[in-house]
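Next comes target.txt, with compact mmCIF, C-alpha atoms.
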# COMPACT_ATOMS: atom_id res chain seq x y z
CA MET A 1 -86.28 9.08 -16.54
CA GLY A 2 -85.83 5.49 -15.80
CA ARG A 3 -82.16 5.64 -15.42
CA ALA A 4 -80.98 3.29 -12.74
CA LYS A 5 -79.23 5.15 -10.00
CA LEU A 6 -75.75 3.86 -9.52
CA PRO A 7 -74.95 3.21 -5.93
CA ARG A 8 -72.33 5.66 -4.71
CA LYS A 9 -69.17 3.69 -4.20
CA SER A 10 -66.81 4.51 -1.41
CA THR A 11 -63.39 5.74 -2.46
CA ASN A 12 -61.86 4.04 0.53
CA ILE A 13 -59.50 1.25 -0.27
CA ASP A 14 -58.49 -1.35 2.20
CA MET A 15 -54.95 -0.37 3.06
CA THR A 16 -54.18 -3.36 5.23
CA ALA A 17 -52.51 -5.40 2.50
CA MET A 18 -50.44 -2.48 1.28
CA CYS A 19 -49.44 -1.70 4.80
CA ASP A 20 -48.34 -5.28 5.29
CA VAL A 21 -46.16 -5.16 2.20
CA ALA A 22 -44.69 -1.81 3.13
CA PHE A 23 -43.67 -2.94 6.56
CA LEU A 24 -42.37 -6.26 5.32
CA LEU A 25 -40.06 -4.41 2.95
CA LEU A 26 -39.22 -1.94 5.66
CA SER A 27 -38.17 -4.64 8.09
CA PHE A 28 -36.10 -6.27 5.35
CA PHE A 29 -34.23 -3.10 4.61
CA ILE A 30 -33.71 -2.31 8.27
CA LEU A 31 -32.15 -5.72 8.79
CA ALA A 32 -30.13 -5.66 5.59
CA THR A 33 -28.85 -2.17 5.99
CA LYS A 34 -25.43 -1.32 7.17
CA PHE A 35 -24.71 2.31 7.49
CA LYS A 36 -21.93 3.69 5.44
CA PRO A 37 -19.32 4.94 7.83
CA PRO A 38 -18.70 8.62 7.35
CA GLU A 39 -15.61 8.67 5.23
CA ALA A 40 -13.29 11.58 5.15
CA LEU A 41 -11.90 10.29 1.90
CA SER A 42 -14.09 9.24 -0.93
CA VAL A 43 -12.46 6.53 -2.94
CA VAL A 44 -13.94 4.78 -5.94
CA THR A 45 -12.58 1.28 -5.91
CA PRO A 46 -12.09 -0.76 -9.06
CA SER A 47 -14.20 -3.85 -9.56
CA SER A 48 -13.10 -7.47 -9.61
CA VAL A 49 -14.65 -10.92 -9.80
CA GLN A 50 -13.41 -11.79 -6.33
CA THR A 51 -16.07 -13.11 -3.99
CA LYS A 52 -14.29 -13.04 -0.65
CA THR A 53 -15.41 -10.12 1.45
CA ALA A 54 -12.84 -7.80 2.90
CA PRO A 55 -11.99 -8.41 6.56
CA GLU A 56 -13.04 -5.84 9.14
CA LYS A 57 -10.92 -6.72 12.12
CA ASP A 58 -7.18 -6.32 12.58
CA VAL A 59 -7.01 -4.21 9.47
CA VAL A 60 -4.26 -1.88 8.45
CA LEU A 61 -5.77 0.08 5.63
CA VAL A 62 -3.71 1.90 3.07
CA THR A 63 -5.84 4.34 1.15
CA ILE A 64 -4.71 5.88 -2.11
CA ASP A 65 -6.83 8.81 -3.16
CA LYS A 66 -7.42 10.05 -6.68
CA ASP A 67 -4.34 12.26 -6.59
CA GLY A 68 -2.16 9.32 -5.62
CA LYS A 69 -1.70 10.48 -2.03
CA VAL A 70 -1.22 7.67 0.44
CA TYR A 71 -2.97 7.49 3.81
CA LEU A 72 -2.86 4.95 6.58
CA SER A 73 -5.56 3.95 9.03
CA VAL A 74 -6.22 1.17 11.49
CA SER A 75 -9.58 -0.50 12.10
CA ASP A 76 -11.53 0.93 15.02
CA ALA A 77 -11.42 -2.32 16.96
CA ASN A 78 -7.66 -2.11 17.30
CA VAL A 79 -7.16 1.01 19.36
CA SER A 80 -4.26 -0.37 21.37
CA GLU A 81 -2.35 -1.30 18.22
CA LYS A 82 -3.04 2.11 16.78
CA LYS A 83 -1.60 3.68 19.92
CA GLN A 84 1.42 1.41 19.84
CA MET A 85 2.14 2.27 16.21
CA LEU A 86 2.06 5.98 16.87
CA GLU A 87 4.19 5.47 19.96
CA ALA A 88 6.78 3.55 17.98
CA ILE A 89 6.97 6.16 15.23
CA ASN A 90 7.11 8.92 17.82
CA THR A 91 10.14 7.37 19.50
CA SER A 92 12.01 6.24 16.42
CA LYS A 93 11.55 9.50 14.54
CA ASN A 94 11.87 11.86 17.52
CA ILE A 95 8.67 13.66 16.73
CA GLY A 96 7.98 14.61 20.33
CA LEU A 97 4.22 14.28 20.35
CA SER A 98 2.44 15.35 23.50
CA ASP A 99 -0.04 13.05 25.21
CA ALA A 100 -2.87 15.25 24.04
CA GLU A 101 -1.78 14.89 20.44
CA LYS A 102 -1.54 11.14 20.75
CA ALA A 103 -4.93 10.95 22.36
CA ASN A 104 -6.26 13.19 19.66
CA PHE A 105 -5.29 10.68 17.04
CA VAL A 106 -6.30 7.54 18.88
CA ASN A 107 -9.73 8.82 19.81
CA ILE A 108 -10.88 9.73 16.35
CA PRO A 109 -12.57 6.77 14.74
CA ASN A 110 -11.46 6.17 11.18
CA ALA A 111 -8.67 8.68 11.52
CA TYR A 112 -6.25 8.71 8.66
CA ILE A 113 -2.62 9.34 9.06
CA GLY A 114 -2.00 11.55 6.12
CA ALA A 115 1.13 13.53 6.78
CA PRO A 116 4.87 12.98 6.54
CA PHE A 117 6.80 12.62 9.80
CA SER A 118 7.96 16.23 9.65
CA GLN A 119 4.40 17.51 9.65
CA LEU A 120 2.88 14.89 11.92
CA LYS A 121 3.02 17.06 15.03
CA SER A 122 1.28 20.03 13.55
CA TYR A 123 -1.18 17.69 11.86
CA LEU A 124 -2.19 16.04 15.12
CA ASP A 125 -2.28 19.39 16.92
CA LYS A 126 -5.50 20.19 15.20
CA ASN A 127 -8.91 19.86 16.69
CA PRO A 128 -10.46 16.44 15.93
CA ALA A 129 -13.42 18.13 14.32
CA ASP A 130 -11.18 20.14 12.02
CA LEU A 131 -8.96 17.24 11.15
CA ALA A 132 -11.54 15.77 8.82
CA HIS A 133 -11.66 18.88 6.67
CA VAL A 134 -7.99 19.69 6.61
CA VAL A 135 -6.21 19.15 3.32
CA LYS A 136 -3.90 16.27 4.03
CA PRO A 137 -0.51 16.10 2.37
CA GLY A 138 -0.40 12.30 2.40
CA ILE A 139 2.40 9.99 3.46
CA PRO A 140 5.39 10.11 1.13
CA ALA A 141 5.59 6.76 -0.65
CA VAL A 142 6.33 7.40 -4.31
CA ASP A 143 9.86 8.68 -3.83
CA SER A 144 12.09 5.65 -3.33
CA THR A 145 14.57 7.54 -1.18
CA ASN A 146 11.92 8.83 1.17
CA ASN A 147 9.35 6.07 1.47
CA GLU A 148 7.83 6.61 4.90
CA MET A 149 5.43 3.72 4.43
CA ILE A 150 8.35 1.42 5.23
CA ASP A 151 8.48 2.79 8.76
CA TRP A 152 4.75 2.73 9.17
CA PHE A 153 4.51 -0.88 8.09
CA LYS A 154 7.33 -1.78 10.43
CA ALA A 155 5.49 -0.11 13.31
CA ALA A 156 2.29 -1.89 12.31
CA GLN A 157 4.05 -5.21 12.13
CA ASP A 158 5.41 -4.76 15.66
CA ALA A 159 2.08 -3.58 17.00
CA PHE A 160 0.18 -6.50 15.55
CA GLN A 161 2.67 -9.09 16.74
CA GLY A 162 0.96 -12.39 17.48
CA LYS A 163 -2.13 -11.38 15.58
CA LYS A 164 -3.02 -11.87 12.00
CA MET A 165 -2.63 -8.47 10.43
CA ASN A 166 -4.72 -7.83 7.36
CA ILE A 167 -3.15 -5.31 5.08
CA LEU A 168 -5.73 -3.78 2.83
CA VAL A 169 -5.00 -1.50 -0.04
CA LYS A 170 -7.89 0.65 -1.14
CA GLY A 171 -7.08 2.75 -4.12
CA ASP A 172 -9.01 5.13 -6.26
CA ASP A 173 -9.61 4.27 -9.90
CA ALA A 174 -7.93 7.40 -11.10
CA SER A 175 -4.76 7.18 -9.04
CA LYS A 176 -1.59 6.35 -10.88
CA TYR A 177 0.45 3.20 -10.54
CA PRO A 178 3.54 4.67 -8.79
CA SER A 179 1.60 5.14 -5.54
CA LEU A 180 0.73 1.47 -5.51
CA GLN A 181 4.27 0.62 -6.47
CA GLY A 182 5.58 2.63 -3.52
CA VAL A 183 3.28 0.75 -1.16
CA ILE A 184 4.36 -2.59 -2.64
CA ILE A 185 8.02 -1.68 -2.22
CA ALA A 186 7.39 -0.71 1.40
CA LEU A 187 5.61 -4.03 2.01
CA LYS A 188 8.43 -5.99 0.45
CA LYS A 189 11.02 -4.19 2.56
CA ASN A 190 9.18 -5.46 5.64
CA ASP A 191 8.79 -8.99 4.30
CA LEU A 192 5.06 -8.57 4.27
CA MET A 193 4.30 -10.66 1.26
CA LYS A 194 0.55 -10.85 1.56
CA PHE A 195 -1.85 -8.04 1.07
CA GLN A 196 -5.37 -7.55 -0.15
CA VAL A 197 -6.83 -5.10 -2.58
CA VAL A 198 -10.28 -3.76 -1.82
CA THR A 199 -12.58 -4.01 -4.81
CA SER A 200 -16.27 -3.87 -5.53
CA PRO A 201 -17.68 -7.16 -6.74
CA VAL A 202 -18.84 -7.81 -10.29
CA PRO A 203 -20.10 -11.08 -11.74
CA VAL A 204 -17.73 -13.25 -13.72
CA PRO A 205 -18.09 -12.56 -17.46
CA ILE A 206 -19.90 -15.37 -19.24
CA GLY A 207 -17.85 -17.61 -21.46
CA THR A 208 -14.50 -16.99 -19.85
CA ASP A 209 -12.28 -19.73 -18.48
CA LEU A 210 -13.12 -18.89 -14.90
CA TYR A 211 -16.84 -18.92 -15.69
CA ASN A 212 -16.59 -22.34 -17.29
CA PHE A 213 -14.52 -23.59 -14.40
CA GLN A 214 -17.07 -22.39 -11.87
CA GLN A 215 -19.91 -23.92 -13.85
CA GLN A 216 -18.12 -27.24 -13.89
CA SER A 217 -17.40 -27.21 -10.19
CA ASN A 218 -20.99 -26.24 -9.50
CA THR A 219 -22.39 -29.17 -11.45
CA LYS A 220 -19.93 -31.45 -9.70
CA ALA A 221 -21.08 -30.16 -6.35
CA VAL A 222 -24.70 -30.81 -7.27
CA GLU A 223 -23.97 -34.34 -8.33
CA MET B 1 -65.36 6.03 13.80
CA ALA B 2 -61.81 6.17 12.81
CA GLU B 3 -62.62 5.87 9.20
CA MET B 4 -63.01 9.05 7.28
CA ASP B 5 -66.55 9.68 6.38
CA THR B 6 -66.66 10.52 2.73
CA SER B 7 -70.17 9.48 1.94
CA GLY B 8 -71.34 13.02 2.57
CA GLY B 9 -74.06 13.59 5.07
CA GLY B 10 -75.31 11.01 7.48
CA GLY B 11 -76.96 8.37 5.41
CA HIS B 12 -78.29 6.28 8.19
CA LYS B 13 -79.22 8.79 10.79
CA LYS B 14 -82.28 7.98 12.66
CA GLY B 15 -84.41 10.98 13.45
CA PRO B 16 -83.55 13.64 15.97
CA GLY B 17 -83.73 12.53 19.47
CA VAL B 18 -83.26 8.93 18.64
CA LYS B 19 -80.11 7.83 20.28
CA LYS B 20 -78.65 4.49 19.66
CA GLY B 21 -75.46 3.05 21.03
CA LYS B 22 -73.12 3.49 18.12
CA LYS B 23 -71.37 0.37 16.98
CA LEU B 24 -67.78 1.42 16.68
CA SER B 25 -66.00 0.04 13.67
CA THR B 26 -62.69 -1.66 14.25
CA ARG B 27 -61.39 -0.45 10.92
CA VAL B 28 -58.58 2.04 11.08
CA ASP B 29 -57.51 4.20 8.21
CA LEU B 30 -54.10 2.82 7.31
CA THR B 31 -53.15 5.40 4.69
CA PRO B 32 -50.85 7.50 6.92
CA MET B 33 -49.23 4.34 8.20
CA VAL B 34 -48.51 3.17 4.65
CA ASP B 35 -47.13 6.61 3.86
CA LEU B 36 -44.81 6.39 6.79
CA GLY B 37 -43.81 2.86 5.87
CA PHE B 38 -42.81 3.78 2.36
CA LEU B 39 -41.03 6.89 3.54
CA LEU B 40 -38.87 4.76 5.82
CA ILE B 41 -38.34 2.19 3.06
CA THR B 42 -36.98 4.83 0.71
CA PHE B 43 -34.75 6.10 3.48
CA PHE B 44 -33.30 2.67 4.12
CA ILE B 45 -32.92 1.90 0.43
CA PHE B 46 -30.83 5.00 -0.03
CA THR B 47 -28.65 4.51 3.00
CA THR B 48 -28.09 0.79 2.64
CA THR B 49 -24.89 -0.65 1.29
CA MET B 50 -25.95 -3.92 -0.17
CA SER B 51 -22.71 -5.13 -1.59
CA GLN B 52 -19.84 -5.61 0.78
CA PRO B 53 -16.48 -4.68 -0.63
CA THR B 54 -14.49 -7.70 -1.63
CA ALA B 55 -10.79 -8.24 -1.27
CA MET B 56 -8.39 -9.50 -3.86
CA HIS B 57 -5.56 -11.44 -2.28
CA LEU B 58 -2.13 -10.77 -3.66
CA TYR B 59 1.09 -12.49 -2.83
CA LEU B 60 4.31 -10.69 -3.52
CA PRO B 61 7.38 -12.57 -4.61
CA LYS B 62 10.57 -12.33 -2.62
CA ASP B 63 13.32 -10.26 -4.16
CA VAL B 64 15.94 -12.68 -5.39
CA LYS B 65 19.24 -12.29 -7.11
CA ASP B 66 19.30 -12.49 -10.85
CA ASP B 67 20.90 -15.93 -11.04
CA GLU B 68 18.28 -17.42 -8.70
CA LYS B 69 15.38 -16.20 -10.74
CA ASN B 70 13.04 -18.63 -12.37
CA LYS B 71 13.85 -19.18 -15.97
CA VAL B 72 10.95 -19.16 -18.36
CA LYS B 73 10.78 -20.20 -21.95
CA ASN B 74 10.83 -17.16 -24.18
CA SER B 75 8.24 -18.58 -26.51
CA ALA B 76 5.78 -19.13 -23.67
CA VAL B 77 5.87 -15.58 -22.36
CA LEU B 78 3.28 -12.92 -22.99
CA THR B 79 4.23 -9.49 -21.77
CA LEU B 80 1.56 -6.89 -21.17
CA MET B 81 2.58 -3.32 -20.55
CA LEU B 82 0.04 -0.86 -19.25
CA GLY B 83 0.38 2.50 -20.85
CA LYS B 84 -1.38 5.82 -20.91
CA ASN B 85 -5.11 6.19 -21.59
CA ASP B 86 -6.01 2.55 -20.79
CA VAL B 87 -3.89 1.22 -23.63
CA ILE B 88 -2.10 -2.09 -23.24
CA TYR B 89 1.03 -2.80 -25.23
CA TYR B 90 1.84 -6.46 -25.61
CA TYR B 91 4.43 -8.67 -27.17
CA GLU B 92 5.27 -12.34 -27.18
CA GLY B 93 8.68 -13.72 -26.41
CA ASP B 94 11.49 -11.48 -25.29
CA SER B 95 11.67 -8.80 -27.92
CA ALA B 96 9.83 -5.62 -27.22
CA GLN B 97 10.39 -4.62 -30.84
CA GLY B 98 7.17 -6.08 -32.12
CA LEU B 99 4.94 -4.53 -29.54
CA LYS B 100 1.32 -3.98 -30.44
CA PRO B 101 -1.28 -1.82 -28.76
CA THR B 102 -4.60 -3.16 -27.56
CA ASP B 103 -7.17 -2.27 -24.93
CA PHE B 104 -8.87 -3.86 -21.95
CA LYS B 105 -11.73 -5.25 -24.00
CA LYS B 106 -9.59 -7.10 -26.49
CA VAL B 107 -6.83 -8.19 -24.15
CA ARG B 108 -8.84 -11.20 -22.99
CA ASP B 109 -8.82 -12.71 -26.48
CA ILE B 110 -5.09 -12.13 -26.75
CA ILE B 111 -4.39 -13.85 -23.44
CA ILE B 112 -6.71 -16.75 -24.25
CA ASP B 113 -5.25 -17.10 -27.72
CA LYS B 114 -1.72 -17.27 -26.31
CA LYS B 115 -2.85 -19.62 -23.56
CA ARG B 116 -4.36 -22.07 -26.05
CA ARG B 117 -1.21 -22.05 -28.18
CA THR B 118 1.18 -22.64 -25.30
CA ASN B 119 2.03 -25.57 -23.12
CA PRO B 120 0.11 -24.88 -19.89
CA SER B 121 3.07 -25.66 -17.66
CA ASP B 122 5.23 -23.09 -19.44
CA PHE B 123 2.74 -20.31 -19.96
CA VAL B 124 3.66 -17.12 -18.13
CA VAL B 125 2.18 -13.65 -18.32
CA ILE B 126 4.36 -10.74 -17.32
CA LEU B 127 2.66 -7.52 -16.32
CA LYS B 128 4.52 -4.30 -16.51
CA PRO B 129 2.59 -1.24 -15.43
CA THR B 130 4.22 2.01 -16.46
CA VAL B 131 4.07 5.20 -14.44
CA ASP B 132 1.25 6.34 -16.70
CA ALA B 133 -0.97 3.39 -15.86
CA THR B 134 -3.73 3.99 -13.36
CA TYR B 135 -4.45 1.95 -10.27
CA LYS B 136 -7.64 0.78 -11.94
CA ASN B 137 -5.67 -0.55 -14.90
CA THR B 138 -3.41 -2.49 -12.59
CA VAL B 139 -6.20 -4.06 -10.60
CA ASN B 140 -8.16 -4.83 -13.75
CA ILE B 141 -5.30 -6.65 -15.36
CA LEU B 142 -4.72 -8.65 -12.17
CA ASP B 143 -8.40 -9.50 -12.20
CA GLU B 144 -8.07 -10.50 -15.82
CA MET B 145 -5.50 -13.08 -14.72
CA THR B 146 -8.12 -14.58 -12.42
CA ILE B 147 -10.80 -14.48 -15.08
CA ASP B 148 -8.61 -16.16 -17.67
CA GLN B 149 -7.20 -18.56 -15.08
CA VAL B 150 -3.61 -17.75 -15.81
CA LYS B 151 -1.77 -19.84 -13.26
CA ARG B 152 1.56 -18.08 -13.49
CA TYR B 153 1.89 -14.36 -13.78
CA ALA B 154 4.27 -11.81 -12.41
CA MET B 155 4.16 -8.08 -11.97
CA VAL B 156 7.54 -6.54 -12.67
CA ASP B 157 8.86 -3.05 -13.06
CA ILE B 158 9.25 -1.91 -16.60
CA SER B 159 12.74 -1.51 -18.01
CA PRO B 160 13.77 1.92 -19.34
CA VAL B 161 14.26 0.39 -22.80
CA GLU B 162 10.72 -0.86 -22.94
CA TYR B 163 9.35 2.35 -21.56
CA ASN B 164 11.17 4.10 -24.36
CA PHE B 165 9.50 1.85 -26.90
CA ILE B 166 6.11 2.74 -25.50
CA LYS B 167 6.94 6.42 -25.53
CA LEU B 168 8.00 6.16 -29.15
CA THR B 169 4.83 4.31 -30.08
CA GLU B 170 2.72 6.82 -28.21
CA ASN B 171 4.43 9.72 -29.92
CA ALA B 172 3.98 8.08 -33.29
CA ASN B 173 0.28 7.66 -32.57
CA GLY B 174 -0.05 11.18 -31.27
CA VAL B 175 -0.90 10.20 -27.69
CA HIS B 176 0.12 12.75 -25.09

Please lay out the structure from this file as structure tokens.
Amino acid sequence: MGRAKLPRKSTNIDMTAMCDVAFLLLSFFILATKFKPPEALSVVTPSSVQTKTAPEKDVVLVTIDKDGKVYLSVSDANVSEKKQMLEAINTSKNIGLSDAEKANFVNIPNAYIGAPFSQLKSYLDKNPADLAHVVKPGIPAVDSTNNEMIDWFKAAQDAFQGKKMNILVKGDDASKYPSLQGVIIALKKNDLMKFQVVTSPVPVPIGTDLYNFQQQSNTKAVE
Amino acid sequence: MAEMDTSGGGGHKKGPGVKKGKKLSTRVDLTPMVDLGFLLITFFIFTTTMSQPTAMHLYLPKDVKDDEKNKVKNSAVLTLMLGKNDVIYYYEGDSAQGLKPTDFKKVRDIIIDKKRRTNPSDFVVILKPTVDATYKNTVNILDEMTIDQVKRYAMVDISPVEYNFIKLTENANGVH
């Protein structure tokens, strides 16, 4: 038959272009990525229209988990302040921590203080590896007669003397208001009138006053 | 040749015994490399945290004695009380009697409506979270203040009388 024989086409495709794209994207993601620090507490933060990013240095972080328990932690860059805080609490509350227990706390990155003064010793006695999995009782803050956050903030204030201390409050969506109220009361007692609430960013809703205001200032800036 | 030979059987073989210096192709099969590339991309996409957490700055007022407190015009005040189950109870002026329930979607219209009707220099929003309000509610309502550009607002503790009103309203509406 006179059927023309089709030339057998190779199934090979030139992968060079695809490879280029893949590695371009790869390099972008490598550069843009920032690993999530392993968090012992998972907290879902509420969203806000704020655009300022949360500071990372000189941070005293108050975490409120979904059950309303309050925890305290200090940014990893401020080990000496962390030590000083624990030292101050140890002396003022007569907890009698051993050096090993202090070191235990200071050496764990991202360690949360999550126990009342009475249980602090047994809490810090634990192996650093176990500490992450232990059920933490939280720092008492809701009860107005026994608000231990007042002492912690005082210790933090002394430790961060001469530095700008950033107080961050990171609360879980589901936690109740009294925990936050307890923290606010403790802050007020120490004359710490400024604090920041950690939120996840959302765009400003269209048509609101803030949106219109931003639009106006943008057009002004362009002109 | 690095390229996979899929053409099946040597198409351009000379005869046996004929040896010719093979011209090596510079083409490399990139398929495994692309595979690897995309594998790494997916890994980085999943581990990346694109959006940095933001911080909302809050300034607390100093505790002052009652007679030193700022006086506000009753007619210019909007009080929002955060209750159970994401409900907001609000009233204008100083009487909690006429309190009405609303939610976080509709509260913006209520604030804007009050804002438009009031002299801007007098307008004050008072926020009173109850013990039943969640942390999310509190932060959302503070954010709402930013969104609606309310210049003056204050977060105060709820009075037992008002909390009673809310309880009564909740009971009447069958909220537990």

Within 10 Å of segment 75-87 of chain B, counting all atoms listed in the file, which residues show up once you throw out same-chain ones fewer than 5 positions away? Write them as JSON, numbers by chain, please. {"A": [177], "B": [92, 93, 94, 95, 96, 99, 100, 101, 102, 103, 104, 107, 110, 111, 114, 115, 117, 118, 119, 120, 121, 122, 123, 124, 125, 126, 127, 128, 129, 130, 131, 132, 133, 134, 136, 137, 138, 141, 153, 154, 155, 156, 157, 158, 162, 163, 166, 167, 170, 175, 176]}

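Here is the contact set of chain A against chain B, at 6 Å and counting all atoms listed in the file: A:Met15, A:Cys19, A:Ala22, A:Phe23, A:Leu26, A:Phe29, A:Thr33, A:Lys34, A:Pro46, A:Ser48, A:Lys52, A:Thr53, A:Ala54, A:Asp173, A:Ala174, A:Ser175, A:Lys176, A:Tyr177, A:Pro178, A:Met193, A:Lys194, A:Phe195, A:Gln196, A:Val197, A:Val198, A:Thr199, A:Ser200, A:Asp209, A:Leu210.
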
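One finds atom CA of Lys136 of chain A at 8.7 Å from atom CA of Ile113 of chain A.
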
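Nearest to Thr63 of chain A of all the residues A:Arg8, A:Trp152, A:Val43, A:Ala103 is A:Val43, based on all atoms listed in the file.
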
Quote the spacing between atom CA of Val59 of chain A and atom CA of Glu101 of chain A in Å to one decimal place. 22.6 Å

Separation of atom CA of Leu86 of chain A and atom CA of Val106 of chain A, in Å?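 Separation between atom CA of Leu86 of chain A and atom CA of Val106 of chain A: 8.7 Å.
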